>>> print(open('structure_36.pdb').read())   # PDB, C-alpha atoms and all ligand atoms
ATOM      1  CA  MET G   1      15.510 172.540  55.285  1.00  0.00           C
ATOM      2  CA  ASN G   2      13.202 171.507  52.506  1.00  0.00           C
ATOM      3  CA  ARG G   3      12.144 167.979  52.011  1.00  0.00           C
ATOM      4  CA  THR G   4      14.469 167.228  49.082  1.00  0.00           C
ATOM      5  CA  ALA G   5      17.539 168.438  50.897  1.00  0.00           C
ATOM      6  CA  TRP G   6      16.614 166.319  53.918  1.00  0.00           C
ATOM      7  CA  MET G   7      16.196 163.224  51.779  1.00  0.00           C
ATOM      8  CA  LYS G   8      19.575 163.812  50.182  1.00  0.00           C
ATOM      9  CA  ALA G   9      21.184 164.170  53.562  1.00  0.00           C
ATOM     10  CA  MET G  10      19.666 160.943  54.827  1.00  0.00           C
ATOM     11  CA  THR G  11      20.709 159.108  51.690  1.00  0.00           C
ATOM     12  CA  MET G  12      24.257 160.166  52.287  1.00  0.00           C
ATOM     13  CA  VAL G  13      24.187 159.051  55.884  1.00  0.00           C
ATOM     14  CA  GLY G  14      22.858 155.731  54.700  1.00  0.00           C
ATOM     15  CA  ALA G  15      25.549 155.334  52.079  1.00  0.00           C
ATOM     16  CA  VAL G  16      28.290 156.106  54.542  1.00  0.00           C
ATOM     17  CA  THR G  17      26.882 153.663  57.079  1.00  0.00           C
ATOM     18  CA  ILE G  18      26.657 150.911  54.517  1.00  0.00           C
ATOM     19  CA  GLY G  19      30.163 151.666  53.341  1.00  0.00           C
ATOM     20  CA  PHE G  20      31.539 151.233  56.822  1.00  0.00           C
ATOM     21  CA  GLY G  21      29.481 148.151  57.291  1.00  0.00           C
ATOM     22  CA  PHE G  22      31.132 146.495  54.307  1.00  0.00           C
ATOM     23  CA  ALA G  23      34.594 147.683  55.165  1.00  0.00           C
ATOM     24  CA  GLY G  24      34.236 146.011  58.526  1.00  0.00           C
ATOM     25  CA  CYS G  25      33.616 142.520  57.281  1.00  0.00           C
ATOM     26  CA  GLY G  26      36.781 141.568  55.471  1.00  0.00           C
ATOM     27  CA  GLY G  27      38.270 139.119  57.907  1.00  0.00           C
ATOM     28  CA  GLY G  28      35.785 136.305  58.122  1.00  0.00           C
ATOM     29  CA  GLU G  29      35.088 134.734  61.478  1.00  0.00           C
ATOM     30  CA  GLY G  30      38.650 133.730  62.259  1.00  0.00           C
ATOM     31  CA  GLY G  31      38.819 135.693  65.468  1.00  0.00           C
ATOM     32  CA  GLY G  32      40.929 138.459  63.932  1.00  0.00           C
ATOM     33  CA  GLU G  33      43.245 135.977  62.291  1.00  0.00           C
ATOM     34  CA  GLY G  34      42.648 137.252  58.796  1.00  0.00           C
ATOM     35  CA  PRO G  35      41.680 135.264  55.722  1.00  0.00           C
ATOM     36  CA  VAL G  36      43.062 131.776  55.194  1.00  0.00           C
ATOM     37  CA  VAL G  37      45.653 132.069  52.447  1.00  0.00           C
ATOM     38  CA  ALA G  38      48.637 129.939  51.563  1.00  0.00           C
ATOM     39  CA  PRO G  39      51.886 131.182  53.087  1.00  0.00           C
ATOM     40  CA  PRO G  40      54.754 132.272  50.845  1.00  0.00           C
ATOM     41  CA  PRO G  41      57.286 129.556  50.004  1.00  0.00           C
ATOM     42  CA  PRO G  42      60.191 129.283  52.435  1.00  0.00           C
ATOM     43  CA  PRO G  43      63.457 130.931  51.404  1.00  0.00           C
ATOM     44  CA  ALA G  44      66.129 128.670  49.894  1.00  0.00           C
ATOM     45  CA  GLU G  45      67.986 128.076  53.136  1.00  0.00           C
ATOM     46  CA  TYR G  46      64.858 126.621  54.719  1.00  0.00           C
ATOM     47  CA  ALA G  47      63.323 124.832  51.754  1.00  0.00           C
ATOM     48  CA  ASP G  48      65.265 121.633  52.374  1.00  0.00           C
ATOM     49  CA  LYS G  49      64.850 121.496  56.108  1.00  0.00           C
ATOM     50  CA  HIS G  50      62.516 118.810  57.349  1.00  0.00           C
ATOM     51  CA  MET G  51      61.429 117.115  60.529  1.00  0.00           C
ATOM     52  CA  PRO G  52      64.140 114.708  61.720  1.00  0.00           C
ATOM     53  CA  ALA G  53      63.286 111.100  60.877  1.00  0.00           C
ATOM     54  CA  GLY G  54      60.946 109.454  63.337  1.00  0.00           C
ATOM     55  CA  TRP G  55      60.022 112.594  65.251  1.00  0.00           C
ATOM     56  CA  TRP G  56      56.437 112.929  64.046  1.00  0.00           C
ATOM     57  CA  ALA G  57      55.665 109.633  65.737  1.00  0.00           C
ATOM     58  CA  ASP G  58      57.734 110.250  68.852  1.00  0.00           C
ATOM     59  CA  ASP G  59      55.600 111.180  71.851  1.00  0.00           C
ATOM     60  CA  LYS G  60      58.663 112.115  73.850  1.00  0.00           C
ATOM     61  CA  ILE G  61      59.633 114.729  71.251  1.00  0.00           C
ATOM     62  CA  VAL G  62      56.091 116.099  71.197  1.00  0.00           C
ATOM     63  CA  GLU G  63      56.108 116.392  74.987  1.00  0.00           C
ATOM     64  CA  GLU G  64      59.441 118.210  74.891  1.00  0.00           C
ATOM     65  CA  GLY G  65      57.897 120.559  72.350  1.00  0.00           C
ATOM     66  CA  ARG G  66      55.007 121.179  74.722  1.00  0.00           C
ATOM     67  CA  GLN G  67      57.374 122.019  77.565  1.00  0.00           C
ATOM     68  CA  LEU G  68      59.097 124.567  75.341  1.00  0.00           C
ATOM     69  CA  TYR G  69      55.803 125.982  74.101  1.00  0.00           C
ATOM     70  CA  ILE G  70      54.383 126.672  77.540  1.00  0.00           C
ATOM     71  CA  GLY G  71      57.637 128.228  78.758  1.00  0.00           C
ATOM     72  CA  ALA G  72      58.359 125.447  81.252  1.00  0.00           C
ATOM     73  CA  LYS G  73      61.829 124.830  79.894  1.00  0.00           C
ATOM     74  CA  ASN G  74      62.855 128.425  79.270  1.00  0.00           C
ATOM     75  CA  PRO G  75      60.632 131.208  80.572  1.00  0.00           C
ATOM     76  CA  ASP G  76      62.007 133.498  77.832  1.00  0.00           C
ATOM     77  CA  VAL G  77      60.330 131.306  75.285  1.00  0.00           C
ATOM     78  CA  ASN G  78      56.635 131.215  75.944  1.00  0.00           C
ATOM     79  CA  CYS G  79      54.631 130.637  72.806  1.00  0.00           C
ATOM     80  CA  ALA G  80      51.519 130.046  74.886  1.00  0.00           C
ATOM     81  CA  SER G  81      51.564 133.659  76.076  1.00  0.00           C
ATOM     82  CA  CYS G  82      50.256 134.622  72.621  1.00  0.00           C
ATOM     83  CA  HIS G  83      49.111 131.405  70.980  1.00  0.00           C
ATOM     84  CA  GLY G  84      47.387 130.031  74.070  1.00  0.00           C
ATOM     85  CA  LYS G  85      48.065 126.894  76.084  1.00  0.00           C
ATOM     86  CA  ASP G  86      45.405 125.002  74.208  1.00  0.00           C
ATOM     87  CA  GLY G  87      46.237 126.489  70.795  1.00  0.00           C
ATOM     88  CA  LYS G  88      43.479 129.076  71.071  1.00  0.00           C
ATOM     89  CA  PRO G  89      45.164 132.484  70.650  1.00  0.00           C
ATOM     90  CA  VAL G  90      45.139 134.776  73.643  1.00  0.00           C
ATOM     91  CA  LYS G  91      46.700 137.721  71.759  1.00  0.00           C
ATOM     92  CA  ALA G  92      44.905 139.241  68.795  1.00  0.00           C
ATOM     93  CA  GLY G  93      46.409 138.232  65.473  1.00  0.00           C
ATOM     94  CA  ALA G  94      48.359 135.218  66.744  1.00  0.00           C
ATOM     95  CA  ARG G  95      47.822 132.143  64.616  1.00  0.00           C
ATOM     96  CA  ASP G  96      45.229 129.684  65.764  1.00  0.00           C
ATOM     97  CA  PHE G  97      46.886 126.278  65.595  1.00  0.00           C
ATOM     98  CA  ARG G  98      43.498 124.569  65.795  1.00  0.00           C
ATOM     99  CA  ASN G  99      42.631 125.942  62.368  1.00  0.00           C
ATOM    100  CA  THR G 100      43.187 122.898  60.173  1.00  0.00           C
ATOM    101  CA  GLU G 101      42.243 124.763  57.020  1.00  0.00           C
ATOM    102  CA  ARG G 102      45.113 127.163  57.508  1.00  0.00           C
ATOM    103  CA  MET G 103      47.673 124.877  59.089  1.00  0.00           C
ATOM    104  CA  LYS G 104      47.468 122.277  56.353  1.00  0.00           C
ATOM    105  CA  LEU G 105      48.620 124.893  53.833  1.00  0.00           C
ATOM    106  CA  TYR G 106      51.967 125.095  55.658  1.00  0.00           C
ATOM    107  CA  SER G 107      54.706 122.552  55.020  1.00  0.00           C
ATOM    108  CA  ASP G 108      57.003 121.521  57.841  1.00  0.00           C
ATOM    109  CA  SER G 109      59.693 123.750  56.269  1.00  0.00           C
ATOM    110  CA  VAL G 110      57.404 126.787  56.322  1.00  0.00           C
ATOM    111  CA  TRP G 111      56.543 126.308  59.983  1.00  0.00           C
ATOM    112  CA  PHE G 112      60.182 125.850  60.833  1.00  0.00           C
ATOM    113  CA  TRP G 113      61.146 128.937  58.825  1.00  0.00           C
ATOM    114  CA  ARG G 114      58.502 131.116  60.490  1.00  0.00           C
ATOM    115  CA  ILE G 115      59.499 130.008  63.984  1.00  0.00           C
ATOM    116  CA  SER G 116      63.146 130.632  63.126  1.00  0.00           C
ATOM    117  CA  GLU G 117      62.785 134.007  61.432  1.00  0.00           C
ATOM    118  CA  GLY G 118      59.444 135.300  62.662  1.00  0.00           C
ATOM    119  CA  VAL G 119      56.949 137.205  60.535  1.00  0.00           C
ATOM    120  CA  PRO G 120      58.114 140.741  59.670  1.00  0.00           C
ATOM    121  CA  ASN G 121      56.026 143.588  61.063  1.00  0.00           C
ATOM    122  CA  THR G 122      54.042 141.375  63.404  1.00  0.00           C
ATOM    123  CA  LYS G 123      54.388 140.327  67.022  1.00  0.00           C
ATOM    124  CA  MET G 124      55.814 137.027  65.849  1.00  0.00           C
ATOM    125  CA  LYS G 125      59.528 137.441  66.527  1.00  0.00           C
ATOM    126  CA  PRO G 126      62.409 135.322  65.257  1.00  0.00           C
ATOM    127  CA  TRP G 127      63.272 132.601  67.754  1.00  0.00           C
ATOM    128  CA  LYS G 128      66.418 131.146  66.254  1.00  0.00           C
ATOM    129  CA  SER G 129      68.721 132.927  68.704  1.00  0.00           C
ATOM    130  CA  LYS G 130      66.865 131.420  71.653  1.00  0.00           C
ATOM    131  CA  LEU G 131      66.101 127.969  70.324  1.00  0.00           C
ATOM    132  CA  SER G 132      68.339 125.322  68.788  1.00  0.00           C
ATOM    133  CA  GLU G 133      67.224 123.768  65.510  1.00  0.00           C
ATOM    134  CA  GLU G 134      66.190 120.673  67.435  1.00  0.00           C
ATOM    135  CA  ASP G 135      64.048 122.704  69.799  1.00  0.00           C
ATOM    136  CA  ARG G 136      62.365 124.447  66.870  1.00  0.00           C
ATOM    137  CA  TRP G 137      61.515 121.094  65.338  1.00  0.00           C
ATOM    138  CA  LYS G 138      60.112 119.892  68.655  1.00  0.00           C
ATOM    139  CA  LEU G 139      57.837 122.922  68.605  1.00  0.00           C
ATOM    140  CA  VAL G 140      56.658 122.093  65.108  1.00  0.00           C
ATOM    141  CA  ALA G 141      55.966 118.523  66.247  1.00  0.00           C
ATOM    142  CA  PHE G 142      53.918 119.832  69.143  1.00  0.00           C
ATOM    143  CA  GLU G 143      52.051 122.600  67.327  1.00  0.00           C
ATOM    144  CA  ARG G 144      50.671 120.231  64.768  1.00  0.00           C
ATOM    145  CA  THR G 145      48.934 118.215  67.501  1.00  0.00           C
ATOM    146  CA  TRP G 146      45.932 120.572  67.302  1.00  0.00           C
ATOM    147  CA  GLY G 147      44.850 121.216  63.732  1.00  0.00           C
ATOM    148  CA  LEU G 148      46.865 118.359  62.270  1.00  0.00           C
ATOM    149  CA  LYS G 149      46.679 115.744  64.997  1.00  0.00           C
ATOM    150  CA  GLY G 150      48.143 112.413  63.960  1.00  0.00           C
ATOM    151  CA  GLN G 151      49.478 113.820  60.701  1.00  0.00           C
ATOM    152  CA  GLU G 152      52.947 114.227  59.266  1.00  0.00           C
ATOM    153  CA  TRP G 153      54.242 116.186  56.294  1.00  0.00           C
ATOM    154  CA  ASP G 154      54.870 114.113  53.182  1.00  0.00           C
ATOM    155  CA  GLY G 155      57.536 115.945  51.207  1.00  0.00           C
ATOM    156  CA  ALA G 156      56.926 113.937  48.046  1.00  0.00           C
ATOM    157  CA  LYS G 157      53.160 114.391  47.993  1.00  0.00           C
ATOM    158  CA  LYS G 158      53.438 117.882  49.441  1.00  0.00           C
ATOM    159  CA  ALA G 159      50.577 117.169  51.780  1.00  0.00           C
ATOM    160  CA  TRP G 160      49.807 116.175  55.353  1.00  0.00           C
ATOM    161  CA  VAL G 161      49.166 112.459  55.665  1.00  0.00           C
ATOM    162  CA  PRO G 162      48.566 110.109  58.607  1.00  0.00           C
ATOM    163  CA  VAL G 163      51.731 109.494  60.629  1.00  0.00           C
ATOM    164  CA  GLY G 164      53.638 106.550  59.231  1.00  0.00           C
ATOM    165  CA  SER G 165      52.313 106.821  55.699  1.00  0.00           C
ATOM    166  CA  ALA G 166      54.564 109.541  54.320  1.00  0.00           C
ATOM    167  CA  GLY G 167      56.517 108.315  51.358  1.00  0.00           C
ATOM    168  CA  ALA G 168      54.602 105.052  51.309  1.00  0.00           C
ATOM    169  CA  ALA G 169      53.516 105.348  47.699  1.00  0.00           C
ATOM    170  CA  ALA G 170      56.657 106.947  46.363  1.00  0.00           C
ATOM    171  CA  PRO G 171      59.736 105.654  48.160  1.00  0.00           C
ATOM    172  CA  ALA G 172      62.322 108.390  48.409  1.00  0.00           C
ATOM    173  CA  PRO G 173      65.312 107.038  46.486  1.00  0.00           C
ATOM    174  CA  ALA G 174      67.914 109.167  48.175  1.00  0.00           C
ATOM    175  CA  GLU G 175      67.160 108.694  51.814  1.00  0.00           C
ATOM    176  CA  ALA G 176      66.042 105.415  53.336  1.00  0.00           C
ATOM    177  CA  PRO G 177      68.845 102.862  53.107  1.00  0.00           C
ATOM    178  CA  ALA G 178      66.833 100.669  50.782  1.00  0.00           C
ATOM    179  CA  PRO G 179      66.405  97.185  52.187  1.00  0.00           C
ATOM    180  CA  ALA G 180      66.795  94.238  49.811  1.00  0.00           C
ATOM    181  CA  ALA G 181      64.301  93.924  46.967  1.00  0.00           C
ATOM    182  CA  GLY G 182      60.673  93.422  47.862  1.00  0.00           C
ATOM    183  CA  GLY G 183      61.294  95.499  50.915  1.00  0.00           C
ATOM    184  CA  ALA G 184      57.963  97.234  50.718  1.00  0.00           C
ATOM    185  CA  ALA G 185      56.573  95.076  53.478  1.00  0.00           C
ATOM    186  CA  ALA G 186      59.787  94.725  55.404  1.00  0.00           C
ATOM    187  CA  PRO G 187      59.001  94.868  59.092  1.00  0.00           C
ATOM    188  CA  ALA G 188      60.081  98.210  60.362  1.00  0.00           C
ATOM    189  CA  ALA G 189      63.074  97.485  62.517  1.00  0.00           C
ATOM    190  CA  PRO G 190      62.250  98.501  66.074  1.00  0.00           C
ATOM    191  CA  ALA G 191      63.193 102.148  66.085  1.00  0.00           C
ATOM    192  CA  ALA G 192      66.921 101.912  66.573  1.00  0.00           C
ATOM    193  CA  PRO G 193      67.484 103.048  70.136  1.00  0.00           C
ATOM    194  CA  ALA G 194      69.705 106.076  69.820  1.00  0.00           C
ATOM    195  CA  ALA G 195      72.585 104.688  71.816  1.00  0.00           C
ATOM    196  CA  GLY G 196      73.038 106.573  75.018  1.00  0.00           C
ATOM    197  CA  GLY G 197      69.767 108.390  74.571  1.00  0.00           C
ATOM    198  CA  LYS G 198      71.680 111.498  73.458  1.00  0.00           C
TER     199      LYS G 198
HETATM  200  C1  LIG G 201      54.227 138.102  71.372  1.00  0.00           C
HETATM  201  C2  LIG G 201      53.259 137.173  70.830  1.00  0.00           C
HETATM  202  C3  LIG G 201      53.783 135.877  70.197  1.00  0.00           C
HETATM  203  C4  LIG G 201      54.637 134.938  70.744  1.00  0.00           C
HETATM  204  C5  LIG G 201      55.286 134.936  72.112  1.00  0.00           C
HETATM  205  C6  LIG G 201      54.765 133.898  69.752  1.00  0.00           C
HETATM  206  N1  LIG G 201      54.039 134.177  68.635  1.00  0.00           N
HETATM  207 FE1  LIG G 201      53.854 133.019  66.980  1.00  0.00          FE
HETATM  208  N2  LIG G 201      52.693 134.419  66.105  1.00  0.00           N
HETATM  209  C7  LIG G 201      52.286 135.599  66.685  1.00  0.00           C
HETATM  210  C8  LIG G 201      51.507 136.369  65.731  1.00  0.00           C
HETATM  211  C9  LIG G 201      50.868 137.719  65.970  1.00  0.00           C
HETATM  212  C10 LIG G 201      51.475 135.597  64.541  1.00  0.00           C
HETATM  213  C11 LIG G 201      50.802 135.962  63.226  1.00  0.00           C
HETATM  214  C12 LIG G 201      51.800 136.614  62.301  1.00  0.00           C
HETATM  215  C13 LIG G 201      51.150 136.982  60.985  1.00  0.00           C
HETATM  216  O1  LIG G 201      50.291 137.846  60.997  1.00  0.00           O
HETATM  217  O2  LIG G 201      51.522 136.351  59.975  1.00  0.00           O
HETATM  218  C14 LIG G 201      52.223 134.377  64.813  1.00  0.00           C
HETATM  219  C15 LIG G 201      52.405 133.375  63.905  1.00  0.00           C
HETATM  220  C16 LIG G 201      53.037 132.169  64.158  1.00  0.00           C
HETATM  221  C17 LIG G 201      53.162 131.081  63.222  1.00  0.00           C
HETATM  222  C18 LIG G 201      52.618 131.061  61.804  1.00  0.00           C
HETATM  223  C19 LIG G 201      53.416 131.972  60.923  1.00  0.00           C
HETATM  224  C20 LIG G 201      52.683 132.269  59.653  1.00  0.00           C
HETATM  225  O3  LIG G 201      53.348 132.455  58.635  1.00  0.00           O
HETATM  226  O4  LIG G 201      51.453 132.316  59.653  1.00  0.00           O
HETATM  227  C21 LIG G 201      53.841 130.082  63.856  1.00  0.00           C
HETATM  228  C22 LIG G 201      54.217 128.726  63.290  1.00  0.00           C
HETATM  229  C23 LIG G 201      54.135 130.554  65.191  1.00  0.00           C
HETATM  230  N3  LIG G 201      53.639 131.816  65.349  1.00  0.00           N
HETATM  231  C24 LIG G 201      54.805 129.828  66.141  1.00  0.00           C
HETATM  232  C25 LIG G 201      55.230 130.335  67.366  1.00  0.00           C
HETATM  233  C26 LIG G 201      56.093 129.626  68.297  1.00  0.00           C
HETATM  234  C27 LIG G 201      56.585 128.211  68.108  1.00  0.00           C
HETATM  235  C28 LIG G 201      56.307 130.458  69.344  1.00  0.00           C
HETATM  236  C29 LIG G 201      57.179 130.211  70.562  1.00  0.00           C
HETATM  237  C30 LIG G 201      58.580 129.906  70.290  1.00  0.00           C
HETATM  238  C31 LIG G 201      55.578 131.681  69.072  1.00  0.00           C
HETATM  239  N4  LIG G 201      54.935 131.576  67.875  1.00  0.00           N
HETATM  240  C32 LIG G 201      55.545 132.756  69.924  1.00  0.00           C
HETATM  241  C33 LIG G 201      52.563 136.020  67.965  1.00  0.00           C
HETATM  242  C34 LIG G 201      53.421 135.381  68.865  1.00  0.00           C
END
>>> encode(input="structure_36.pdb", output="structure tokens", more="lines below")
Ligand code: HEC
Amino acid sequence: MNRTAWMKAMTMVGAVTIGFGFAGCGGGEGGGEGPVVAPPPPPAEYADKHMPAGWWADDKIVEEGRQLYIGAKNPDVNCASCHGKDGKPVKAGARDFRNTERMKLYSDSVWFWRISEGVPNTKMKPWKSKLSEEDRWKLVAFERTWGLKGQEWDGAKKAWVPVGSAGAAAPAPAEAPAPAAGGAAAPAAPAAPAAGGK
């Protein structure tokens, strides 16, 4: 082949190689997790679901969530088999719960919704038939101990804040049975022992 034809051929090989090179680098370094983007909003029936009062700060709840997560309570439910015991995914594509940048984009309702209904067309199945609502919330409480350690979701600010500070600036009018005026500094009554331990 003459010199010009050879050059053309090599140029094409080069172009193709470069093309593939670019195509291959879409995902960032998230270990196959894909780019960090905000999740869709939860559907209406999940939008108003939130962590039960006091659970973010309750170590017992978090431990129960851990037992569920590792399959100790029910071997049919073993989140760790994909997401990893230490939050580092062991199956490609499973969310990395240590990734603060991603996890902080999810509200408590979104996490709860995804655990309940799964993510269509992925290995993340719906779990609501195997887990009570309470168990799903325990899992949310546990999962956040990696990327969002010590944080809780503040529904008013729509952000993760240190445990205990949610709603501090903007008292929720509807919920807390407002103590008498000037209650801002009212000593938090010792967490009412749920009679009988439930
Ligand atoms: C068979 C593997 C597998 C198991 C078991 C599994 N997951 Fe997942 N999970 C995935 C994958 C894959 C994704 C990523 C889905 C996607 O691409 O959005 C995911 C995503 C998630 C997300 C984030 C959803 C989102 O919108 O990004 C949460 C929260 C989650 N899993 C919690 C759990 C919990 C809790 C359990 C146990 C009850 C569990 N997973 C069990 C594979 C699994």
>>> residues_around(input="structure_36.pdb", residues="Asp135 of chain G", least_positions_apart="3", cutoff="8 Å", atoms="only C-alpha atoms", output="list of chain:residue names")
G:Gly65, G:Leu68, G:Leu131, G:Ser132, G:Lys138, G:Leu139
>>> resolve_selection(input="structure_36.pdb", expression="the PyMOL selection byres (((not hetatm)) within 8 of (chain G and resi 201))", output="VMD selection string")
chain G and resid 33 to 34 39 to 40 68 to 69 77 to 83 91 to 95 110 to 112 114 to 115 118 to 120 122 to 125 127 131 136 139 to 140 143
>>> write_last_selection(input="structure_36.pdb", atoms="C-alpha atoms", output="PDB file, in the coordinates of the input")
ATOM      1  CA  GLU G  33      43.245 135.977  62.291  1.00  0.00           C
ATOM      2  CA  GLY G  34      42.648 137.252  58.796  1.00  0.00           C
ATOM      3  CA  PRO G  39      51.886 131.182  53.087  1.00  0.00           C
ATOM      4  CA  PRO G  40      54.754 132.272  50.845  1.00  0.00           C
ATOM      5  CA  LEU G  68      59.097 124.567  75.341  1.00  0.00           C
ATOM      6  CA  TYR G  69      55.803 125.982  74.101  1.00  0.00           C
ATOM      7  CA  VAL G  77      60.330 131.306  75.285  1.00  0.00           C
ATOM      8  CA  ASN G  78      56.635 131.215  75.944  1.00  0.00           C
ATOM      9  CA  CYS G  79      54.631 130.637  72.806  1.00  0.00           C
ATOM     10  CA  ALA G  80      51.519 130.046  74.886  1.00  0.00           C
ATOM     11  CA  SER G  81      51.564 133.659  76.076  1.00  0.00           C
ATOM     12  CA  CYS G  82      50.256 134.622  72.621  1.00  0.00           C
ATOM     13  CA  HIS G  83      49.111 131.405  70.980  1.00  0.00           C
ATOM     14  CA  LYS G  91      46.700 137.721  71.759  1.00  0.00           C
ATOM     15  CA  ALA G  92      44.905 139.241  68.795  1.00  0.00           C
ATOM     16  CA  GLY G  93      46.409 138.232  65.473  1.00  0.00           C
ATOM     17  CA  ALA G  94      48.359 135.218  66.744  1.00  0.00           C
ATOM     18  CA  ARG G  95      47.822 132.143  64.616  1.00  0.00           C
ATOM     19  CA  VAL G 110      57.404 126.787  56.322  1.00  0.00           C
ATOM     20  CA  TRP G 111      56.543 126.308  59.983  1.00  0.00           C
ATOM     21  CA  PHE G 112      60.182 125.850  60.833  1.00  0.00           C
ATOM     22  CA  ARG G 114      58.502 131.116  60.490  1.00  0.00           C
ATOM     23  CA  ILE G 115      59.499 130.008  63.984  1.00  0.00           C
ATOM     24  CA  GLY G 118      59.444 135.300  62.662  1.00  0.00           C
ATOM     25  CA  VAL G 119      56.949 137.205  60.535  1.00  0.00           C
ATOM     26  CA  PRO G 120      58.114 140.741  59.670  1.00  0.00           C
ATOM     27  CA  THR G 122      54.042 141.375  63.404  1.00  0.00           C
ATOM     28  CA  LYS G 123      54.388 140.327  67.022  1.00  0.00           C
ATOM     29  CA  MET G 124      55.814 137.027  65.849  1.00  0.00           C
ATOM     30  CA  LYS G 125      59.528 137.441  66.527  1.00  0.00           C
ATOM     31  CA  TRP G 127      63.272 132.601  67.754  1.00  0.00           C
ATOM     32  CA  LEU G 131      66.101 127.969  70.324  1.00  0.00           C
ATOM     33  CA  ARG G 136      62.365 124.447  66.870  1.00  0.00           C
ATOM     34  CA  LEU G 139      57.837 122.922  68.605  1.00  0.00           C
ATOM     35  CA  VAL G 140      56.658 122.093  65.108  1.00  0.00           C
ATOM     36  CA  GLU G 143      52.051 122.600  67.327  1.00  0.00           C
TER      37      GLU G 143
END
>>> closest_residue(input="structure_36.pdb", among="G:Arg102, G:Pro41, G:Ala53, G:Phe142", to="Arg66 of chain G", atoms="only C-alpha atoms")
G:Phe142
>>> resolve_selection(input="structure_36.pdb", expression="the PyMOL selection byres (((chain G and resi 166) around 9) and not hetatm)", output="list in words")
Glu152, Trp153, Asp154, Gly155, Ala156, Lys157, Ala159, Trp160, Val161, Pro162, Val163, Gly164, Ser165, Gly167, Ala168, Ala169, Ala170 and Pro171 of chain G
>>> write_last_selection(input="structure_36.pdb", atoms="C-alpha atoms", output="PDB file, in the frame of the given file")
ATOM      1  CA  GLU G 152      52.947 114.227  59.266  1.00  0.00           C
ATOM      2  CA  TRP G 153      54.242 116.186  56.294  1.00  0.00           C
ATOM      3  CA  ASP G 154      54.870 114.113  53.182  1.00  0.00           C
ATOM      4  CA  GLY G 155      57.536 115.945  51.207  1.00  0.00           C
ATOM      5  CA  ALA G 156      56.926 113.937  48.046  1.00  0.00           C
ATOM      6  CA  LYS G 157      53.160 114.391  47.993  1.00  0.00           C
ATOM      7  CA  ALA G 159      50.577 117.169  51.780  1.00  0.00           C
ATOM      8  CA  TRP G 160      49.807 116.175  55.353  1.00  0.00           C
ATOM      9  CA  VAL G 161      49.166 112.459  55.665  1.00  0.00           C
ATOM     10  CA  PRO G 162      48.566 110.109  58.607  1.00  0.00           C
ATOM     11  CA  VAL G 163      51.731 109.494  60.629  1.00  0.00           C
ATOM     12  CA  GLY G 164      53.638 106.550  59.231  1.00  0.00           C
ATOM     13  CA  SER G 165      52.313 106.821  55.699  1.00  0.00           C
ATOM     14  CA  GLY G 167      56.517 108.315  51.358  1.00  0.00           C
ATOM     15  CA  ALA G 168      54.602 105.052  51.309  1.00  0.00           C
ATOM     16  CA  ALA G 169      53.516 105.348  47.699  1.00  0.00           C
ATOM     17  CA  ALA G 170      56.657 106.947  46.363  1.00  0.00           C
ATOM     18  CA  PRO G 171      59.736 105.654  48.160  1.00  0.00           C
TER      19      PRO G 171
END
>>> atom_distance(input="structure_36.pdb", atom1="atom CA of Ser109 of chain G", atom2="atom CA of Lys73 of chain G")
23.7 Å
>>> atom_distance(input="structure_36.pdb", atom1="atom CA of Glu101 of chain G", atom2="atom CA of Asp86 of chain G")
17.5 Å
>>> atom_distance(input="structure_36.pdb", atom1="atom CA of Ala57 of chain G", atom2="atom CA of Lys158 of chain G")
18.4 Å
>>> residues_near_point(input="structure_36.pdb", point="(62.2, 113.0, 73.0)", cutoff="12 Å", atoms="all atoms listed in the file", output="count of residues only")
26
